[in-house]
Amino acid sequence: MDLLSVLLIAVGLSMDAFAVSVCKGLAMRRIPLRSAAVVGAWFGAFQGLMPLTGYFLGIQFERYVNAIAPWVAFVLLAVIGANMLREAFSGEEEKETATLHPREMLMLAVATSIDALAVGISYAMVPVSVMASASQTANTVLACALTAATTCLISMAGVYIGAVFGARYKKRAEIAGGVILILIGAEIVLRHFGVL
């Protein structure tokens, strides 16, 4: 996976956190920069740590699944993307409160980053190449750091968007995230067969 794919995955993964951040913004009367930064830091940290954890789990099994690695990556990304689309079209509304209590933020951060664990496993199957001169592990760490930073910024923006525009963009963000992940999974398989 190249840098563009990693950045698109980072944006796709951040959409769940963005949707929850929009809800947080809806629940807040005033939004100081500190509150937006707290939301961004929680979501960003977990979106960076989960794929790294998945990567280290995935490399333990890499030699057993090398032949089917592109398919594993495709299935993981497609399932995550399809789940995001299902959530977007389900019509279920999530209730959010304005509280930023660590226990609540921890639960939300874990819930929105579970998908990233599976993406980390796919990084072990289909190597990441952000910097050509770096090792696979260094490239994966960099990809996870980019995901964390992207999610942090998008989540901070989500808090402000929720406060200003309401929930108008929440569904669209989840749809965009799901489509991006499915397309990247398809691209991995097509590259494997030399179509791209």
# chains A, B, ... in the order shown; residues from 1 in each chain; ligands from 1
$ residues_around --residues "range 46-48 of chain A" --least-positions-apart "5" --cutoff "10 Å" --atoms "only C-alpha atoms" --output "PDB file with C-alpha atoms, in the first residue's frame"
ATOM      1  CA  ALA A  10      -6.965   6.935   7.588  1.00  0.00           C
ATOM      2  CA  LEU A  13     -11.339   4.893   9.510  1.00  0.00           C
ATOM      3  CA  SER A  14     -11.802   8.343  11.024  1.00  0.00           C
ATOM      4  CA  ALA A  17     -14.958   9.020  15.156  1.00  0.00           C
ATOM      5  CA  ALA A  41      -6.782  13.218  21.258  1.00  0.00           C
ATOM      6  CA  THR A  53      -1.842  -3.738  17.667  1.00  0.00           C
ATOM      7  CA  LEU A 106     -12.415   5.565  26.607  1.00  0.00           C
ATOM      8  CA  LEU A 108     -16.245   5.754  22.684  1.00  0.00           C
ATOM      9  CA  ALA A 109     -12.615   5.666  21.523  1.00  0.00           C
ATOM     10  CA  VAL A 110     -12.475   1.871  21.731  1.00  0.00           C
ATOM     11  CA  ALA A 111     -15.873   1.484  20.044  1.00  0.00           C
ATOM     12  CA  THR A 112     -14.920   3.732  17.116  1.00  0.00           C
ATOM     13  CA  SER A 113     -11.492   2.142  16.650  1.00  0.00           C
ATOM     14  CA  ILE A 114     -12.262  -1.595  16.682  1.00  0.00           C
ATOM     15  CA  ASP A 115     -12.338  -1.512  12.867  1.00  0.00           C
ATOM     16  CA  ALA A 116      -8.780  -0.164  12.887  1.00  0.00           C
ATOM     17  CA  LEU A 117      -7.591  -3.368  14.570  1.00  0.00           C
ATOM     18  CA  GLY A 120      -3.746  -3.316  11.172  1.00  0.00           C
ATOM     19  CA  VAL A 141       4.232   2.727  12.594  1.00  0.00           C
ATOM     20  CA  LEU A 142       4.279   5.779  10.320  1.00  0.00           C
ATOM     21  CA  ALA A 143       0.966   4.726   8.737  1.00  0.00           C
ATOM     22  CA  CYS A 144      -0.560   4.370  12.222  1.00  0.00           C
ATOM     23  CA  ALA A 145       0.785   7.789  13.224  1.00  0.00           C
ATOM     24  CA  LEU A 146      -0.773   9.311  10.096  1.00  0.00           C
ATOM     25  CA  THR A 147      -4.070   7.620  10.951  1.00  0.00           C
ATOM     26  CA  ALA A 148      -3.897   8.998  14.498  1.00  0.00           C
ATOM     27  CA  ALA A 149      -3.152  12.546  13.307  1.00  0.00           C
ATOM     28  CA  THR A 150      -5.840  12.408  10.613  1.00  0.00           C
ATOM     29  CA  THR A 151      -8.454  11.134  13.061  1.00  0.00           C
ATOM     30  CA  CYS A 152      -7.477  13.735  15.655  1.00  0.00           C
TER      31      CYS A 152
END
$ closest_residue --among "A:Ser135, A:Ser122, A:Ser129, A:Ser155" --to "Gly54 in chain A" --atoms "only C-alpha atoms"
A:Ser122
$ closest_residue --among "A:Met107, A:Cys23, A:Leu85, A:Ile9" --to "Pro51 in chain A" --atoms "only C-alpha atoms"
A:Ile9
$ residues_around --residues "Val75 in chain A" --least-positions-apart "2" --cutoff "10 Å" --atoms "only C-alpha atoms" --output "MDAnalysis selection string"
chainID A and resid 69:73 77:81 118 122 182 185:186 189
$ write_last_selection --atoms "C-alpha atoms" --output "compact mmCIF listing (two decimals), in the first residue's frame"
# COMPACT_ATOMS: atom_id res chain seq x y z
CA ALA A 69 -3.10 -12.12 1.97
CA PRO A 70 -4.72 -9.82 -0.63
CA TRP A 71 -8.03 -11.60 -0.16
CA VAL A 72 -7.76 -11.34 3.64
CA ALA A 73 -7.08 -7.59 3.33
CA LEU A 77 -11.72 -3.78 4.52
CA ALA A 78 -14.95 -4.75 2.72
CA VAL A 79 -16.58 -5.98 5.95
CA ILE A 80 -15.57 -2.81 7.79
CA GLY A 81 -16.81 -0.64 4.93
CA ALA A 118 -8.65 -5.33 11.49
CA SER A 122 -4.32 -6.20 6.75
CA ILE A 182 -14.37 -1.09 0.17
CA GLY A 185 -9.87 -3.44 -0.53
CA ALA A 186 -10.87 -3.97 -4.18
CA VAL A 189 -7.04 -7.54 -5.01
$ select_by_dssp --residues "chain A" --states "alpha helix (DSSP H)" --output "short mmCIF file (atom, residue, chain, number, x, y, z; two decimals) with N, CA and C atoms, in the first residue's frame"
data_model
loop_
_atom_site.label_atom_id
_atom_site.label_comp_id
_atom_site.auth_asym_id
_atom_site.auth_seq_id
_atom_site.Cartn_x
_atom_site.Cartn_y
_atom_site.Cartn_z
N LEU A 3 1.39 5.66 0.02
CA LEU A 3 0.99 6.75 0.92
C LEU A 3 -0.45 7.17 0.68
N LEU A 4 -0.86 7.28 -0.58
CA LEU A 4 -2.23 7.71 -0.87
C LEU A 4 -3.23 6.71 -0.29
N SER A 5 -2.98 5.42 -0.46
CA SER A 5 -3.88 4.40 0.10
C SER A 5 -3.96 4.51 1.61
N VAL A 6 -2.80 4.71 2.24
CA VAL A 6 -2.76 4.85 3.70
C VAL A 6 -3.57 6.06 4.15
N LEU A 7 -3.43 7.18 3.44
CA LEU A 7 -4.18 8.38 3.81
C LEU A 7 -5.69 8.19 3.59
N LEU A 8 -6.05 7.51 2.51
CA LEU A 8 -7.47 7.25 2.27
C LEU A 8 -8.04 6.30 3.33
N ILE A 9 -7.26 5.30 3.73
CA ILE A 9 -7.69 4.42 4.81
C ILE A 9 -7.85 5.22 6.11
N ALA A 10 -6.90 6.11 6.37
CA ALA A 10 -6.96 6.93 7.59
C ALA A 10 -8.24 7.76 7.60
N VAL A 11 -8.58 8.36 6.46
CA VAL A 11 -9.82 9.15 6.37
C VAL A 11 -11.03 8.23 6.55
N GLY A 12 -11.02 7.09 5.89
CA GLY A 12 -12.14 6.15 6.03
C GLY A 12 -12.34 5.70 7.46
N LEU A 13 -11.24 5.35 8.12
CA LEU A 13 -11.34 4.89 9.51
C LEU A 13 -11.81 6.00 10.45
N SER A 14 -11.46 7.24 10.12
CA SER A 14 -11.80 8.34 11.02
C SER A 14 -13.28 8.73 10.95
N MET A 15 -14.02 8.19 10.00
CA MET A 15 -15.41 8.62 9.83
C MET A 15 -16.32 8.22 10.99
N ASP A 16 -16.09 7.07 11.61
CA ASP A 16 -16.87 6.72 12.81
C ASP A 16 -16.60 7.73 13.92
N ALA A 17 -15.32 8.04 14.13
CA ALA A 17 -14.96 9.02 15.16
C ALA A 17 -15.53 10.39 14.81
N PHE A 18 -15.52 10.74 13.52
CA PHE A 18 -16.09 12.01 13.08
C PHE A 18 -17.58 12.07 13.42
N ALA A 19 -18.30 10.98 13.13
CA ALA A 19 -19.74 10.95 13.40
C ALA A 19 -20.03 11.13 14.89
N VAL A 20 -19.26 10.46 15.74
CA VAL A 20 -19.45 10.61 17.19
C VAL A 20 -19.06 12.02 17.62
N SER A 21 -18.02 12.58 17.02
CA SER A 21 -17.59 13.94 17.34
C SER A 21 -18.66 14.96 16.98
N VAL A 22 -19.33 14.74 15.84
CA VAL A 22 -20.44 15.62 15.45
C VAL A 22 -21.52 15.58 16.53
N CYS A 23 -21.82 14.38 17.03
CA CYS A 23 -22.83 14.24 18.10
C CYS A 23 -22.38 14.96 19.37
N LYS A 24 -21.09 14.84 19.68
CA LYS A 24 -20.56 15.57 20.85
C LYS A 24 -20.76 17.07 20.67
N GLY A 25 -20.46 17.56 19.47
CA GLY A 25 -20.63 18.98 19.18
C GLY A 25 -22.07 19.42 19.30
N LEU A 26 -22.99 18.55 18.87
CA LEU A 26 -24.42 18.85 19.00
C LEU A 26 -24.83 19.02 20.46
N ALA A 27 -24.21 18.23 21.34
CA ALA A 27 -24.59 18.24 22.75
C ALA A 27 -23.95 19.38 23.53
N LEU A 33 -11.60 25.28 22.53
CA LEU A 33 -10.60 24.50 21.81
C LEU A 33 -10.16 23.30 22.62
N ARG A 34 -10.08 23.45 23.94
CA ARG A 34 -9.65 22.36 24.81
C ARG A 34 -10.58 21.15 24.69
N SER A 35 -11.89 21.38 24.63
CA SER A 35 -12.85 20.28 24.52
C SER A 35 -12.69 19.55 23.19
N ALA A 36 -12.54 20.31 22.11
CA ALA A 36 -12.35 19.69 20.79
C ALA A 36 -11.04 18.91 20.77
N ALA A 37 -10.00 19.45 21.42
CA ALA A 37 -8.70 18.77 21.46
C ALA A 37 -8.78 17.48 22.27
N VAL A 38 -9.55 17.47 23.35
CA VAL A 38 -9.72 16.25 24.16
C VAL A 38 -10.38 15.16 23.32
N VAL A 39 -11.45 15.52 22.61
CA VAL A 39 -12.14 14.55 21.74
C VAL A 39 -11.17 14.03 20.68
N GLY A 40 -10.46 14.96 20.02
CA GLY A 40 -9.51 14.57 18.98
C GLY A 40 -8.40 13.68 19.50
N ALA A 41 -7.89 14.00 20.69
CA ALA A 41 -6.78 13.22 21.26
C ALA A 41 -7.22 11.79 21.59
N TRP A 42 -8.40 11.64 22.18
CA TRP A 42 -8.88 10.29 22.51
C TRP A 42 -9.07 9.45 21.25
N PHE A 43 -9.80 10.01 20.29
CA PHE A 43 -10.08 9.25 19.08
C PHE A 43 -8.82 9.02 18.26
N GLY A 44 -7.98 10.03 18.15
CA GLY A 44 -6.74 9.89 17.39
C GLY A 44 -5.81 8.85 17.99
N ALA A 45 -5.66 8.87 19.30
CA ALA A 45 -4.76 7.92 19.96
C ALA A 45 -5.20 6.48 19.71
N PHE A 46 -6.49 6.22 19.85
CA PHE A 46 -6.96 4.85 19.67
C PHE A 46 -6.96 4.43 18.20
N GLN A 47 -7.23 5.37 17.29
CA GLN A 47 -7.17 5.02 15.87
C GLN A 47 -5.73 4.76 15.44
N GLY A 48 -4.76 5.26 16.18
CA GLY A 48 -3.36 4.95 15.90
C GLY A 48 -2.89 3.67 16.58
N LEU A 49 -3.33 3.44 17.80
CA LEU A 49 -2.90 2.26 18.56
C LEU A 49 -3.54 0.96 18.07
N MET A 50 -4.79 1.01 17.68
CA MET A 50 -5.47 -0.22 17.27
C MET A 50 -4.87 -0.86 16.03
N PRO A 51 -4.59 -0.11 14.95
CA PRO A 51 -3.99 -0.79 13.79
C PRO A 51 -2.58 -1.28 14.08
N LEU A 52 -1.87 -0.58 14.96
CA LEU A 52 -0.53 -1.04 15.33
C LEU A 52 -0.63 -2.37 16.07
N THR A 53 -1.60 -2.48 16.96
CA THR A 53 -1.84 -3.74 17.67
C THR A 53 -2.22 -4.84 16.67
N GLY A 54 -3.11 -4.51 15.74
CA GLY A 54 -3.51 -5.47 14.72
C GLY A 54 -2.34 -5.92 13.86
N TYR A 55 -1.45 -4.98 13.54
CA TYR A 55 -0.27 -5.31 12.74
C TYR A 55 0.60 -6.33 13.46
N PHE A 56 0.89 -6.08 14.74
CA PHE A 56 1.74 -7.00 15.49
C PHE A 56 1.08 -8.37 15.69
N LEU A 57 -0.24 -8.38 15.79
CA LEU A 57 -0.95 -9.66 15.83
C LEU A 57 -0.87 -10.35 14.46
N GLY A 58 -1.04 -9.56 13.41
CA GLY A 58 -1.05 -10.10 12.06
C GLY A 58 0.27 -10.70 11.62
N ILE A 59 1.37 -10.09 12.02
CA ILE A 59 2.67 -10.62 11.58
C ILE A 59 2.97 -11.97 12.21
N GLN A 60 2.30 -12.30 13.29
CA GLN A 60 2.47 -13.61 13.90
C GLN A 60 1.93 -14.71 12.99
N PHE A 61 0.93 -14.36 12.18
CA PHE A 61 0.27 -15.34 11.32
C PHE A 61 0.60 -15.15 9.85
N GLU A 62 1.45 -14.17 9.55
CA GLU A 62 1.72 -13.80 8.16
C GLU A 62 2.19 -14.97 7.30
N ARG A 63 3.09 -15.76 7.82
CA ARG A 63 3.64 -16.85 6.99
C ARG A 63 2.59 -17.91 6.64
N TYR A 64 1.52 -17.98 7.44
CA TYR A 64 0.48 -18.97 7.18
C TYR A 64 -0.52 -18.50 6.11
N VAL A 65 -0.61 -17.20 5.93
CA VAL A 65 -1.64 -16.67 5.04
C VAL A 65 -1.10 -15.87 3.87
N ALA A 69 -3.18 -13.42 1.31
CA ALA A 69 -3.10 -12.12 1.97
C ALA A 69 -3.95 -11.03 1.31
N PRO A 70 -3.89 -10.87 -0.03
CA PRO A 70 -4.72 -9.82 -0.63
C PRO A 70 -6.20 -10.03 -0.39
N TRP A 71 -6.63 -11.31 -0.40
CA TRP A 71 -8.03 -11.60 -0.16
C TRP A 71 -8.41 -11.32 1.29
N VAL A 72 -7.51 -11.63 2.22
CA VAL A 72 -7.76 -11.34 3.64
C VAL A 72 -7.92 -9.83 3.82
N ALA A 73 -6.99 -9.05 3.23
CA ALA A 73 -7.08 -7.59 3.33
C ALA A 73 -8.37 -7.08 2.72
N PHE A 74 -8.74 -7.61 1.54
CA PHE A 74 -9.98 -7.19 0.89
C PHE A 74 -11.19 -7.49 1.77
N VAL A 75 -11.27 -8.72 2.28
CA VAL A 75 -12.43 -9.11 3.09
C VAL A 75 -12.53 -8.23 4.34
N LEU A 76 -11.39 -8.01 5.02
CA LEU A 76 -11.42 -7.17 6.23
C LEU A 76 -11.90 -5.76 5.90
N LEU A 77 -11.33 -5.15 4.87
CA LEU A 77 -11.72 -3.78 4.52
C LEU A 77 -13.16 -3.73 4.02
N ALA A 78 -13.58 -4.72 3.24
CA ALA A 78 -14.95 -4.75 2.72
C ALA A 78 -15.97 -4.92 3.85
N VAL A 79 -15.67 -5.78 4.81
CA VAL A 79 -16.58 -5.98 5.95
C VAL A 79 -16.69 -4.70 6.77
N ILE A 80 -15.55 -4.07 7.03
CA ILE A 80 -15.57 -2.81 7.79
C ILE A 80 -16.37 -1.76 7.04
N GLY A 81 -16.09 -1.63 5.74
CA GLY A 81 -16.81 -0.64 4.93
C GLY A 81 -18.30 -0.91 4.86
N ALA A 82 -18.67 -2.18 4.67
CA ALA A 82 -20.08 -2.55 4.61
C ALA A 82 -20.77 -2.27 5.95
N ASN A 83 -20.09 -2.51 7.04
CA ASN A 83 -20.65 -2.22 8.36
C ASN A 83 -20.90 -0.72 8.53
N MET A 84 -19.95 0.09 8.04
CA MET A 84 -20.13 1.55 8.12
C MET A 84 -21.34 1.97 7.28
N LEU A 85 -21.50 1.39 6.09
CA LEU A 85 -22.65 1.70 5.25
C LEU A 85 -23.95 1.27 5.92
N ARG A 86 -23.94 0.07 6.52
CA ARG A 86 -25.13 -0.42 7.21
C ARG A 86 -25.54 0.53 8.33
N GLU A 87 -24.55 0.99 9.11
CA GLU A 87 -24.84 1.92 10.20
C GLU A 87 -25.39 3.23 9.67
N ALA A 88 -24.84 3.69 8.54
CA ALA A 88 -25.29 4.96 7.97
C ALA A 88 -26.74 4.89 7.51
N PHE A 89 -27.14 3.74 6.94
CA PHE A 89 -28.49 3.60 6.41
C PHE A 89 -29.49 3.01 7.40
N SER A 90 -29.03 2.62 8.59
CA SER A 90 -29.93 1.98 9.55
C SER A 90 -30.95 2.94 10.14
N PRO A 102 -13.28 10.74 31.28
CA PRO A 102 -12.37 9.74 30.72
C PRO A 102 -12.99 8.37 30.49
N ARG A 103 -13.86 7.91 31.39
CA ARG A 103 -14.47 6.59 31.22
C ARG A 103 -15.35 6.56 29.96
N GLU A 104 -16.15 7.60 29.75
CA GLU A 104 -17.00 7.65 28.57
C GLU A 104 -16.16 7.79 27.30
N MET A 105 -15.15 8.66 27.35
CA MET A 105 -14.30 8.86 26.17
C MET A 105 -13.54 7.58 25.83
N LEU A 106 -13.11 6.83 26.85
CA LEU A 106 -12.42 5.57 26.61
C LEU A 106 -13.34 4.59 25.88
N MET A 107 -14.57 4.47 26.35
CA MET A 107 -15.52 3.55 25.71
C MET A 107 -15.80 3.98 24.27
N LEU A 108 -15.98 5.27 24.04
CA LEU A 108 -16.24 5.75 22.68
C LEU A 108 -15.03 5.55 21.78
N ALA A 109 -13.83 5.81 22.32
CA ALA A 109 -12.61 5.67 21.52
C ALA A 109 -12.39 4.21 21.12
N VAL A 110 -12.63 3.30 22.05
CA VAL A 110 -12.48 1.87 21.73
C VAL A 110 -13.54 1.46 20.72
N ALA A 111 -14.78 1.87 20.94
CA ALA A 111 -15.87 1.48 20.04
C ALA A 111 -15.65 1.98 18.62
N THR A 112 -15.12 3.18 18.47
CA THR A 112 -14.92 3.73 17.12
C THR A 112 -13.63 3.25 16.47
N SER A 113 -12.78 2.55 17.23
CA SER A 113 -11.49 2.14 16.65
C SER A 113 -11.33 0.63 16.50
N ILE A 114 -12.34 -0.13 16.83
CA ILE A 114 -12.26 -1.59 16.68
C ILE A 114 -11.96 -1.96 15.23
N ASP A 115 -12.58 -1.25 14.29
CA ASP A 115 -12.34 -1.51 12.87
C ASP A 115 -10.86 -1.36 12.52
N ALA A 116 -10.19 -0.43 13.18
CA ALA A 116 -8.78 -0.16 12.89
C ALA A 116 -7.90 -1.35 13.26
N LEU A 117 -8.34 -2.16 14.21
CA LEU A 117 -7.59 -3.37 14.57
C LEU A 117 -7.51 -4.30 13.37
N ALA A 118 -8.63 -4.48 12.68
CA ALA A 118 -8.65 -5.33 11.49
C ALA A 118 -7.80 -4.75 10.37
N VAL A 119 -7.81 -3.43 10.23
CA VAL A 119 -6.97 -2.79 9.21
C VAL A 119 -5.49 -3.04 9.52
N GLY A 120 -5.13 -3.02 10.78
CA GLY A 120 -3.75 -3.32 11.17
C GLY A 120 -3.35 -4.73 10.77
N ILE A 121 -4.27 -5.67 10.89
CA ILE A 121 -3.99 -7.04 10.45
C ILE A 121 -3.74 -7.05 8.95
N SER A 122 -4.52 -6.25 8.20
CA SER A 122 -4.32 -6.20 6.75
C SER A 122 -2.96 -5.57 6.41
N TYR A 123 -2.47 -4.66 7.26
CA TYR A 123 -1.13 -4.09 7.03
C TYR A 123 -0.04 -5.17 7.12
N ALA A 124 -0.28 -6.17 7.93
CA ALA A 124 0.69 -7.28 8.03
C ALA A 124 0.65 -8.15 6.79
N MET A 125 -0.51 -8.25 6.16
CA MET A 125 -0.69 -9.09 4.98
C MET A 125 -0.23 -8.39 3.70
N GLN A 136 9.43 -2.50 7.01
CA GLN A 136 7.98 -2.70 7.02
C GLN A 136 7.38 -2.23 8.34
N THR A 137 8.03 -2.55 9.44
CA THR A 137 7.52 -2.13 10.74
C THR A 137 7.54 -0.62 10.88
N ALA A 138 8.62 0.03 10.44
CA ALA A 138 8.70 1.49 10.51
C ALA A 138 7.62 2.13 9.64
N ASN A 139 7.40 1.57 8.46
CA ASN A 139 6.35 2.08 7.58
C ASN A 139 4.98 1.93 8.22
N THR A 140 4.75 0.81 8.90
CA THR A 140 3.47 0.58 9.55
C THR A 140 3.27 1.54 10.71
N VAL A 141 4.32 1.76 11.48
CA VAL A 141 4.23 2.73 12.59
C VAL A 141 3.90 4.11 12.04
N LEU A 142 4.55 4.49 10.94
CA LEU A 142 4.28 5.78 10.32
C LEU A 142 2.84 5.85 9.81
N ALA A 143 2.36 4.77 9.21
CA ALA A 143 0.97 4.73 8.74
C ALA A 143 0.00 4.89 9.91
N CYS A 144 0.30 4.26 11.03
CA CYS A 144 -0.56 4.37 12.22
C CYS A 144 -0.51 5.78 12.79
N ALA A 145 0.66 6.40 12.75
CA ALA A 145 0.79 7.79 13.22
C ALA A 145 -0.02 8.73 12.33
N LEU A 146 0.02 8.50 11.03
CA LEU A 146 -0.77 9.31 10.10
C LEU A 146 -2.26 9.13 10.35
N THR A 147 -2.66 7.90 10.64
CA THR A 147 -4.07 7.62 10.95
C THR A 147 -4.48 8.34 12.23
N ALA A 148 -3.61 8.31 13.23
CA ALA A 148 -3.90 9.00 14.50
C ALA A 148 -4.05 10.50 14.28
N ALA A 149 -3.11 11.10 13.55
CA ALA A 149 -3.15 12.55 13.31
C ALA A 149 -4.38 12.93 12.48
N THR A 150 -4.67 12.14 11.46
CA THR A 150 -5.84 12.41 10.61
C THR A 150 -7.12 12.34 11.44
N THR A 151 -7.25 11.29 12.24
CA THR A 151 -8.45 11.13 13.06
C THR A 151 -8.57 12.26 14.08
N CYS A 152 -7.46 12.64 14.68
CA CYS A 152 -7.48 13.73 15.66
C CYS A 152 -8.03 15.01 15.02
N LEU A 153 -7.49 15.37 13.86
CA LEU A 153 -7.93 16.61 13.20
C LEU A 153 -9.38 16.53 12.73
N ILE A 154 -9.75 15.39 12.15
CA ILE A 154 -11.12 15.23 11.65
C ILE A 154 -12.11 15.21 12.82
N SER A 155 -11.73 14.62 13.94
CA SER A 155 -12.61 14.59 15.11
C SER A 155 -12.79 15.98 15.70
N MET A 156 -11.70 16.73 15.76
CA MET A 156 -11.81 18.11 16.26
C MET A 156 -12.74 18.92 15.36
N ALA A 157 -12.58 18.75 14.05
CA ALA A 157 -13.46 19.45 13.12
C ALA A 157 -14.91 18.99 13.31
N GLY A 158 -15.10 17.69 13.57
CA GLY A 158 -16.44 17.15 13.77
C GLY A 158 -17.17 17.79 14.94
N VAL A 159 -16.44 18.06 16.02
CA VAL A 159 -17.05 18.71 17.18
C VAL A 159 -17.59 20.08 16.77
N TYR A 160 -16.79 20.85 16.04
CA TYR A 160 -17.23 22.18 15.61
C TYR A 160 -18.35 22.09 14.58
N ILE A 161 -18.26 21.15 13.66
CA ILE A 161 -19.30 20.98 12.64
C ILE A 161 -20.63 20.60 13.30
N GLY A 162 -20.57 19.73 14.31
CA GLY A 162 -21.78 19.35 15.03
C GLY A 162 -22.43 20.53 15.70
N ALA A 163 -21.61 21.41 16.27
CA ALA A 163 -22.15 22.57 16.97
C ALA A 163 -22.75 23.58 15.99
N VAL A 164 -22.13 23.72 14.83
CA VAL A 164 -22.55 24.74 13.88
C VAL A 164 -23.64 24.24 12.93
N PHE A 165 -23.46 23.06 12.36
CA PHE A 165 -24.36 22.59 11.30
C PHE A 165 -25.31 21.49 11.74
N LYS A 170 -23.28 13.80 9.28
CA LYS A 170 -22.92 12.54 9.95
C LYS A 170 -23.13 11.33 9.04
N LYS A 171 -24.31 11.22 8.45
CA LYS A 171 -24.63 10.07 7.59
C LYS A 171 -23.72 10.06 6.36
N ARG A 172 -23.51 11.22 5.75
CA ARG A 172 -22.65 11.31 4.57
C ARG A 172 -21.22 10.88 4.89
N ALA A 173 -20.74 11.24 6.06
CA ALA A 173 -19.38 10.87 6.46
C ALA A 173 -19.25 9.36 6.60
N GLU A 174 -20.24 8.72 7.22
CA GLU A 174 -20.19 7.27 7.37
C GLU A 174 -20.26 6.56 6.01
N ILE A 175 -21.08 7.08 5.10
CA ILE A 175 -21.18 6.49 3.76
C ILE A 175 -19.85 6.64 3.03
N ALA A 176 -19.26 7.83 3.07
CA ALA A 176 -17.98 8.07 2.40
C ALA A 176 -16.90 7.16 2.96
N GLY A 177 -16.84 7.02 4.28
CA GLY A 177 -15.85 6.16 4.91
C GLY A 177 -16.00 4.71 4.48
N GLY A 178 -17.22 4.22 4.45
CA GLY A 178 -17.48 2.84 4.04
C GLY A 178 -17.09 2.58 2.59
N VAL A 179 -17.45 3.50 1.71
CA VAL A 179 -17.12 3.35 0.28
C VAL A 179 -15.61 3.37 0.08
N ILE A 180 -14.92 4.28 0.75
CA ILE A 180 -13.46 4.38 0.62
C ILE A 180 -12.80 3.06 1.01
N LEU A 181 -13.19 2.48 2.13
CA LEU A 181 -12.57 1.24 2.59
C LEU A 181 -12.84 0.08 1.63
N ILE A 182 -14.05 -0.02 1.12
CA ILE A 182 -14.37 -1.09 0.17
C ILE A 182 -13.55 -0.93 -1.11
N LEU A 183 -13.44 0.30 -1.61
CA LEU A 183 -12.67 0.54 -2.84
C LEU A 183 -11.18 0.22 -2.66
N ILE A 184 -10.63 0.55 -1.50
CA ILE A 184 -9.21 0.24 -1.27
C ILE A 184 -9.02 -1.28 -1.19
N GLY A 185 -9.95 -1.98 -0.56
CA GLY A 185 -9.87 -3.44 -0.53
C GLY A 185 -9.91 -4.03 -1.94
N ALA A 186 -10.79 -3.49 -2.79
CA ALA A 186 -10.87 -3.97 -4.18
C ALA A 186 -9.58 -3.66 -4.93
N GLU A 187 -9.00 -2.49 -4.67
CA GLU A 187 -7.75 -2.12 -5.34
C GLU A 187 -6.62 -3.08 -4.98
N ILE A 188 -6.57 -3.53 -3.75
CA ILE A 188 -5.53 -4.48 -3.31
C ILE A 188 -5.63 -5.78 -4.11
N VAL A 189 -6.85 -6.29 -4.26
CA VAL A 189 -7.04 -7.54 -5.01
C VAL A 189 -6.70 -7.33 -6.49
N LEU A 190 -7.15 -6.22 -7.07
CA LEU A 190 -6.86 -5.96 -8.48
C LEU A 190 -5.37 -5.81 -8.74
N ARG A 191 -4.65 -5.18 -7.81
CA ARG A 191 -3.19 -5.06 -7.94
C ARG A 191 -2.54 -6.45 -7.86
N HIS A 192 -3.05 -7.29 -7.00
CA HIS A 192 -2.51 -8.64 -6.86
C HIS A 192 -2.58 -9.41 -8.17
#
$ atom_distance --atom1 "CA of Ile68 in chain A" --atom2 "CA of Ala132 in chain A"
24.2 Å
